[in-house]
Amino acid sequence: RTQSLSEVKWTPTERERFQRVLLTYGFPRPTLIKRVAHLNQHTEEEITDYTHAFILALLEHVSGEPKEYLSMITSSTIGPSEPHPTLINWDKMKRSSSVWGRRLCNLHFLGEMARGDGDWLALIPTSFFSGPKPT
């Protein structure tokens with residue numbers, strides 16, 4: 001790494017574009033995020049690190065099973081140990097953390113299952129998938 005994550009500049013506009021694409025397509029997908037969010041000035045390594053930092057920041061605001069699942073993912077990958085400065089005290093993240101956390105868990109889980117990676121289903125409590133019961 002040539003620069004630490006906190007030294008890499010991310011504008012609020014880049015952060016917004018990144019967030020929209022991440023919450024649409026999930027992770028780890030730095031090539032797709034870079035292309036769709038028009039983040040050509042950032043390397044894929046920077047986008048991977050920012051993704052990890054985004055999840056670390058999100059962990060400060062989520063609880064329960066989404067927090068457990070996202071913690072499990074971040075602990076099994078190499079990345080920054082703290083959120084990027086542009087993600088700290090971001091009001092939009094605080095307000096939306098519950099929805100964002102669950103969405104990232106679902107996208108990651110579906111990606112893992114589609115790729116056939118690991119036995120993630122065995123690690124997730126059934127209550128995580130609970131919702132309204134069909135009538």
# chains A, B, ... in the order shown; residues from 1 in each chain; ligands from 1
>>> select_by_dssp(residues="stretch 39-84 of chain A", states="helix (DSSP H, G or I)", output="list in words")
Glu44, Glu45, Glu46, Ile47, Thr48, Asp49, Tyr50, Thr51, His52, Ala53, Phe54, Ile55, Leu56, Ala57, Leu58, Leu59, Gly64, Glu65, Pro66, Lys67, Glu68, Tyr69, Leu70, Ser71, Met72, Ile73, Thr74 and Ser75 of chain A
>>> write_last_selection(atoms="C-alpha atoms", output="PDB file, in the first residue's frame")
ATOM      1  CA  GLU A  44      -9.519  -1.114  -6.858  1.00  0.00           C
ATOM      2  CA  GLU A  45      -7.406  -1.511  -3.720  1.00  0.00           C
ATOM      3  CA  GLU A  46      -8.648   1.870  -2.458  1.00  0.00           C
ATOM      4  CA  ILE A  47     -12.238   0.839  -3.174  1.00  0.00           C
ATOM      5  CA  THR A  48     -11.726  -2.473  -1.370  1.00  0.00           C
ATOM      6  CA  ASP A  49     -10.287  -0.628   1.639  1.00  0.00           C
ATOM      7  CA  TYR A  50     -13.108   1.933   1.576  1.00  0.00           C
ATOM      8  CA  THR A  51     -15.644  -0.901   1.491  1.00  0.00           C
ATOM      9  CA  HIS A  52     -14.044  -2.449   4.579  1.00  0.00           C
ATOM     10  CA  ALA A  53     -13.966   0.966   6.283  1.00  0.00           C
ATOM     11  CA  PHE A  54     -17.621   1.558   5.337  1.00  0.00           C
ATOM     12  CA  ILE A  55     -18.632  -1.694   7.019  1.00  0.00           C
ATOM     13  CA  LEU A  56     -16.554  -0.822  10.101  1.00  0.00           C
ATOM     14  CA  ALA A  57     -18.362   2.526  10.337  1.00  0.00           C
ATOM     15  CA  LEU A  58     -21.721   0.815   9.831  1.00  0.00           C
ATOM     16  CA  LEU A  59     -20.935  -1.601  12.683  1.00  0.00           C
ATOM     17  CA  GLY A  64     -28.149  -7.855  16.641  1.00  0.00           C
ATOM     18  CA  GLU A  65     -27.696 -10.377  13.878  1.00  0.00           C
ATOM     19  CA  PRO A  66     -26.670  -7.918  11.132  1.00  0.00           C
ATOM     20  CA  LYS A  67     -23.859  -6.731  13.418  1.00  0.00           C
ATOM     21  CA  GLU A  68     -22.782 -10.321  14.121  1.00  0.00           C
ATOM     22  CA  TYR A  69     -22.785 -11.237  10.425  1.00  0.00           C
ATOM     23  CA  LEU A  70     -20.935  -8.117   9.257  1.00  0.00           C
ATOM     24  CA  SER A  71     -18.430  -8.490  12.114  1.00  0.00           C
ATOM     25  CA  MET A  72     -17.765 -12.063  11.041  1.00  0.00           C
ATOM     26  CA  ILE A  73     -17.104 -10.897   7.477  1.00  0.00           C
ATOM     27  CA  THR A  74     -14.786  -8.026   8.411  1.00  0.00           C
ATOM     28  CA  SER A  75     -12.830 -10.161  10.862  1.00  0.00           C
TER      29      SER A  75
END
>>> atom_distance(atom1="atom CA of A:Lys94", atom2="atom CA of A:His61")
6.1 Å
>>> atom_distance(atom1="atom CA of A:Val62", atom2="atom CA of A:Gly101")
6.6 Å
>>> residues_around(residues="A:Phe27", least_positions_apart="3", cutoff="9 Å", atoms="only C-alpha atoms", output="PyMOL selection string")
chain A and resi 22-23+30+33+48+51+104+107-108+111
>>> write_last_selection(atoms="N, CA and C atoms", output="short mmCIF file (atom, residue, chain, number, x, y, z; two decimals), in the first residue's frame")
data_model
loop_
_atom_site.label_atom_id
_atom_site.label_comp_id
_atom_site.auth_asym_id
_atom_site.auth_seq_id
_atom_site.Cartn_x
_atom_site.Cartn_y
_atom_site.Cartn_z
N LEU A 22 -22.63 0.25 -3.76
CA LEU A 22 -22.38 -0.82 -2.78
C LEU A 22 -23.69 -1.43 -2.30
N LEU A 23 -24.66 -0.60 -2.01
CA LEU A 23 -25.94 -1.09 -1.49
C LEU A 23 -26.83 -1.67 -2.58
N PRO A 30 -14.98 -4.62 -6.14
CA PRO A 30 -14.35 -3.33 -6.42
C PRO A 30 -14.36 -2.93 -7.89
N ILE A 33 -17.94 -1.70 -8.64
CA ILE A 33 -18.19 -0.44 -7.93
C ILE A 33 -17.45 0.70 -8.62
N THR A 48 -11.63 -1.34 -2.30
CA THR A 48 -11.73 -2.47 -1.37
C THR A 48 -11.53 -2.00 0.07
N THR A 51 -14.53 0.00 1.19
CA THR A 51 -15.64 -0.90 1.49
C THR A 51 -15.50 -1.45 2.90
N LEU A 104 -26.77 -5.15 3.19
CA LEU A 104 -25.43 -5.68 2.92
C LEU A 104 -25.31 -7.15 3.32
N LEU A 107 -27.20 -9.13 0.57
CA LEU A 107 -26.45 -9.17 -0.69
C LEU A 107 -25.23 -10.07 -0.58
N HIS A 108 -24.51 -9.97 0.53
CA HIS A 108 -23.32 -10.79 0.73
C HIS A 108 -23.69 -12.26 0.82
N GLY A 111 -24.61 -13.60 -2.59
CA GLY A 111 -23.40 -13.76 -3.40
C GLY A 111 -22.62 -15.00 -3.00
#
>>> atom_distance(atom1="atom CA of A:Thr86", atom2="atom CA of A:Pro12")
7.4 Å
>>> residues_around(residues="A:Glu14", least_positions_apart="4", cutoff="9 Å", atoms="only C-alpha atoms", output="compact mmCIF listing (two decimals) with C-alpha atoms, in the first residue's frame")
# COMPACT_ATOMS: atom_id res chain seq x y z
CA TRP A 10 -12.89 10.82 -0.94
CA PHE A 18 -19.96 4.56 -3.72
CA GLN A 19 -22.71 3.99 -1.14
CA ALA A 37 -20.01 4.62 -9.50
CA HIS A 38 -17.56 6.36 -11.88
CA LEU A 39 -14.71 6.22 -9.37
>>> closest_residue(among="A:Glu60, A:Trp100, A:Asn106, A:Glu112", to="A:Ile88", atoms="only C-alpha atoms")
A:Glu60
>>> closest_residue(among="A:Arg17, A:Tyr25, A:Lys9, A:Ser76", to="A:Thr43", atoms="only C-alpha atoms")
A:Lys9
